[in-house]
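Content type mmCIF, C-alpha atoms and all ligand atoms, from the file upload34.cif:
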data_query
#
loop_
_atom_site.label_atom_id
_atom_site.label_comp_id
_atom_site.auth_asym_id
_atom_site.auth_seq_id
_atom_site.Cartn_x
_atom_site.Cartn_y
_atom_site.Cartn_z
CA MET A 148 0.00 0.00 0.00
CA SER A 149 1.52 3.27 -1.01
CA GLU A 150 0.39 6.44 0.64
CA HIS A 151 0.06 9.52 -1.48
CA TYR A 152 -1.43 12.98 -1.73
CA TRP A 153 -2.78 14.51 -4.89
CA CYS A 154 -0.61 17.44 -5.92
CA HIS A 155 -2.17 20.61 -4.51
CA GLY A 156 -1.12 22.75 -7.47
CA PRO A 157 -4.30 24.37 -8.81
CA SER A 158 -3.14 23.92 -12.40
CA CYS A 159 -1.34 20.58 -12.11
CA HIS A 160 -4.00 18.86 -14.23
CA THR A 161 -3.53 21.36 -17.08
CA TYR A 162 0.17 20.83 -17.71
CA VAL A 163 0.82 18.70 -20.76
CA THR A 164 3.13 15.84 -19.85
CA THR A 165 2.81 12.18 -20.78
CA ASP A 166 2.81 11.05 -17.13
CA ARG A 167 -0.41 13.01 -16.52
CA VAL A 168 -2.33 11.24 -19.29
CA ARG A 169 -4.93 8.88 -17.84
CA GLY A 170 -8.18 7.23 -18.89
CA SER A 171 -9.19 4.86 -21.61
CA LYS A 172 -9.06 5.39 -25.35
CA GLY A 173 -11.60 7.97 -26.46
CA SER A 174 -11.88 9.54 -22.99
CA LYS A 175 -8.36 10.52 -22.08
CA VAL A 176 -7.61 13.23 -19.54
CA LEU A 177 -4.68 15.08 -18.03
CA ARG A 178 -4.90 14.26 -14.32
CA THR A 179 -3.39 15.85 -11.23
CA ARG A 180 -0.17 14.06 -10.29
CA LYS A 181 0.09 11.83 -7.25
CA VAL A 182 2.78 12.73 -4.75
CA LYS A 183 4.23 9.80 -2.88
CA VAL A 184 4.46 10.22 0.88
CA TYR A 185 7.84 9.36 2.33
CA ASN A 186 7.74 8.82 6.07
CA ASN A 187 11.26 9.98 6.66
CA GLY A 188 10.34 12.50 9.34
CA TYR A 189 11.25 15.31 7.00
CA SER A 190 8.43 17.65 6.10
CA SER A 191 8.54 20.01 3.16
CA PHE A 192 6.18 21.25 0.47
CA TYR A 193 7.32 18.38 -1.73
CA LYS A 194 4.98 16.26 0.36
CA TYR A 195 2.00 18.05 -1.18
CA PHE A 196 3.29 19.32 -4.52
CA CYS A 197 4.78 17.45 -7.47
CA SER A 198 7.06 20.32 -8.47
CA ASN A 199 8.24 23.83 -7.66
CA GLY A 200 5.97 25.06 -10.43
CA CYS A 201 2.85 23.60 -8.79
CA TYR A 202 3.95 24.97 -5.42
CA ASN A 203 4.41 28.43 -6.94
CA ASP A 204 0.97 28.21 -8.60
CA PHE A 205 -0.59 27.42 -5.22
CA ALA A 206 1.38 30.12 -3.38
CA ASN A 207 0.49 32.74 -5.99
CA LYS A 208 -3.20 31.81 -6.00
CA TYR A 209 -3.56 31.71 -2.20
CA VAL A 210 -0.90 34.22 -1.11
CA GLU A 211 -3.36 36.43 0.82
CA GLN A 212 -4.59 33.48 2.90
CA ILE A 213 -1.04 32.17 3.40
CA ILE A 214 0.21 35.53 4.67
CA ARG A 215 -2.58 35.62 7.24
CA ILE A 216 -1.03 32.50 8.87
CA ALA A 217 2.03 34.50 9.94
CA PRO A 218 1.70 38.18 9.08
CA ARG A 219 4.79 40.38 9.51
CA HIS A 220 4.26 44.00 10.50
CA GLU A 221 7.84 44.73 11.49
CA PRO A 222 11.18 43.64 10.03
CA LEU A 223 13.34 41.03 11.71
CA GLU A 224 17.00 41.72 12.36
CA THR A 225 20.10 39.53 12.66
CA PRO A 226 22.94 41.01 14.70
CA ILE A 227 26.25 41.20 12.82
CA GLU A 228 29.79 42.29 13.58
CA ASP A 229 30.96 45.49 11.90
CA PRO A 230 31.56 44.47 8.25
CA LYS A 231 35.24 44.13 7.29
CA LYS A 232 36.26 45.42 3.90
CA THR A 233 39.40 43.97 2.31
CA GLU A 234 41.02 45.06 -0.93
CA HIS A 235 42.54 42.52 -3.30
CA THR A 236 44.61 42.82 -6.44
CA THR A 237 44.88 40.07 -9.03
CA ASP A 238 48.23 39.17 -10.65
CA TRP A 239 47.25 41.24 -13.68
CA GLY A 240 46.41 44.33 -11.62
CA HIS A 241 42.63 44.12 -11.37
CA LYS A 242 41.45 45.45 -8.00
CA TRP A 243 38.39 44.22 -6.16
CA THR A 244 37.04 44.53 -2.68
CA HIS A 245 35.41 41.95 -0.52
CA THR A 246 33.15 42.77 2.39
CA GLU A 247 32.98 40.12 5.06
CA ILE A 248 29.75 40.06 7.02
CA LYS A 249 29.71 37.82 10.08
CA LYS A 250 26.59 36.99 12.01
CA ILE A 251 26.75 37.10 15.77
CA ASP A 252 25.32 33.81 16.96
CA THR A 253 22.17 34.25 18.98
CA GLU A 254 19.38 31.84 19.77
CA SER A 255 17.22 33.37 17.04
CA ASN A 256 19.62 33.03 14.12
CA VAL A 257 21.41 29.75 14.70
CA GLY A 258 20.41 26.94 12.43
ZN ZN B 301 1.53 19.19 -9.58
#
For the structure just supplied, provide its representation as structure tokens.
Ligand SMILES: [Zn+2]
Amino acid sequence: MSEHYWCHGPSCHTYVTTDRVRGSKGSKVLRTRKVKVYNNGYSSFYKYFCSNGCYNDFANKYVEQIIRIAPRHEPLETPIEDPKKTEHTTDWGHKWTHTEIKKIDTESNVG
């Protein structure tokens, strides 16, 4: 017995690919893809969507509802050390600068 979800992409059943073709001769359809459920303890949107495209379709269609789950009214901030700028010169004289930005580890930004 294999567990699965139907892809939640609102347009999944409209994309023309051979693996979506189902039905018998004379009444063929493009059908929403099945997404196999892997019980590996890892949860991601791939559990519910067959592709990034279908996930994007869903997110774009329902963005207002999705945002209401966790609305943000103020920016978040990650503490950093003062950025260090270093200048480099290649063997053929081209100069470039690199700015190193280091996060200060805090409970909120680790991991
Ligand atoms: Zn899909």
Nearby polymer residues, ligand ZN 301 (chain B), at most 12 Å, all atoms listed in the file, as an MDAnalysis selection string: chainID A and resid 152:164 166:167 177:183 192:205
Atom CA of Val184 of chain A to atom CA of Val168 of chain A, distance in Å rounded to a single decimal: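 If I compute the distance from atom CA of Val184 of chain A to atom CA of Val168 of chain A, I get 21.3 Å.
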Atom-to-atom span, atom CA of Ala217 of chain A and atom CA of Ser190 of chain A, Å: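 These atoms are spaced 18.4 Å apart.
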Å distance separating atom CA of Ile227 of chain A from atom CA of Glu254 of chain A, one decimal place: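 Computing it gives 13.5 Å between the two atoms.
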Polymer residues at most 12 Å from Lys249 of chain A, only C-alpha atoms, same-chain spacing of 3 or more positions, as a PyMOL selection string: chain A and resi 225-232+246+252+256
Go ahead and dump the residues you just picked, C-alpha atoms, as a PDB file, keeping the file's coordinate frame.
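Printed below is again_3.pdb as written:
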ATOM      1  CA  THR A 225      20.100  39.530  12.660  1.00  0.00           C
ATOM      2  CA  PRO A 226      22.940  41.010  14.700  1.00  0.00           C
ATOM      3  CA  ILE A 227      26.250  41.200  12.820  1.00  0.00           C
ATOM      4  CA  GLU A 228      29.790  42.290  13.580  1.00  0.00           C
ATOM      5  CA  ASP A 229      30.960  45.490  11.900  1.00  0.00           C
ATOM      6  CA  PRO A 230      31.560  44.470   8.250  1.00  0.00           C
ATOM      7  CA  LYS A 231      35.240  44.130   7.290  1.00  0.00           C
ATOM      8  CA  LYS A 232      36.260  45.420   3.900  1.00  0.00           C
ATOM      9  CA  THR A 246      33.150  42.770   2.390  1.00  0.00           C
ATOM     10  CA  ASP A 252      25.320  33.810  16.960  1.00  0.00           C
ATOM     11  CA  ASN A 256      19.620  33.030  14.120  1.00  0.00           C
TER      12      ASN A 256
END
Which residue of A:Val176, A:Ile214, A:His235, A:Glu224 approaches Ile251 of chain A most closely, using all atoms listed in the file: A:Glu224
Around all listed atoms of segment 186-201 of chain A, padded 6 Å per side, what centre and edge lengths does the axis-aligned box have in Å to one decimal, as AutoDock Vina command-line options?
--center_x 6.6 --center_y 16.9 --center_z -0.5 --size_x 21.3 --size_y 28.2 --size_z 31.8
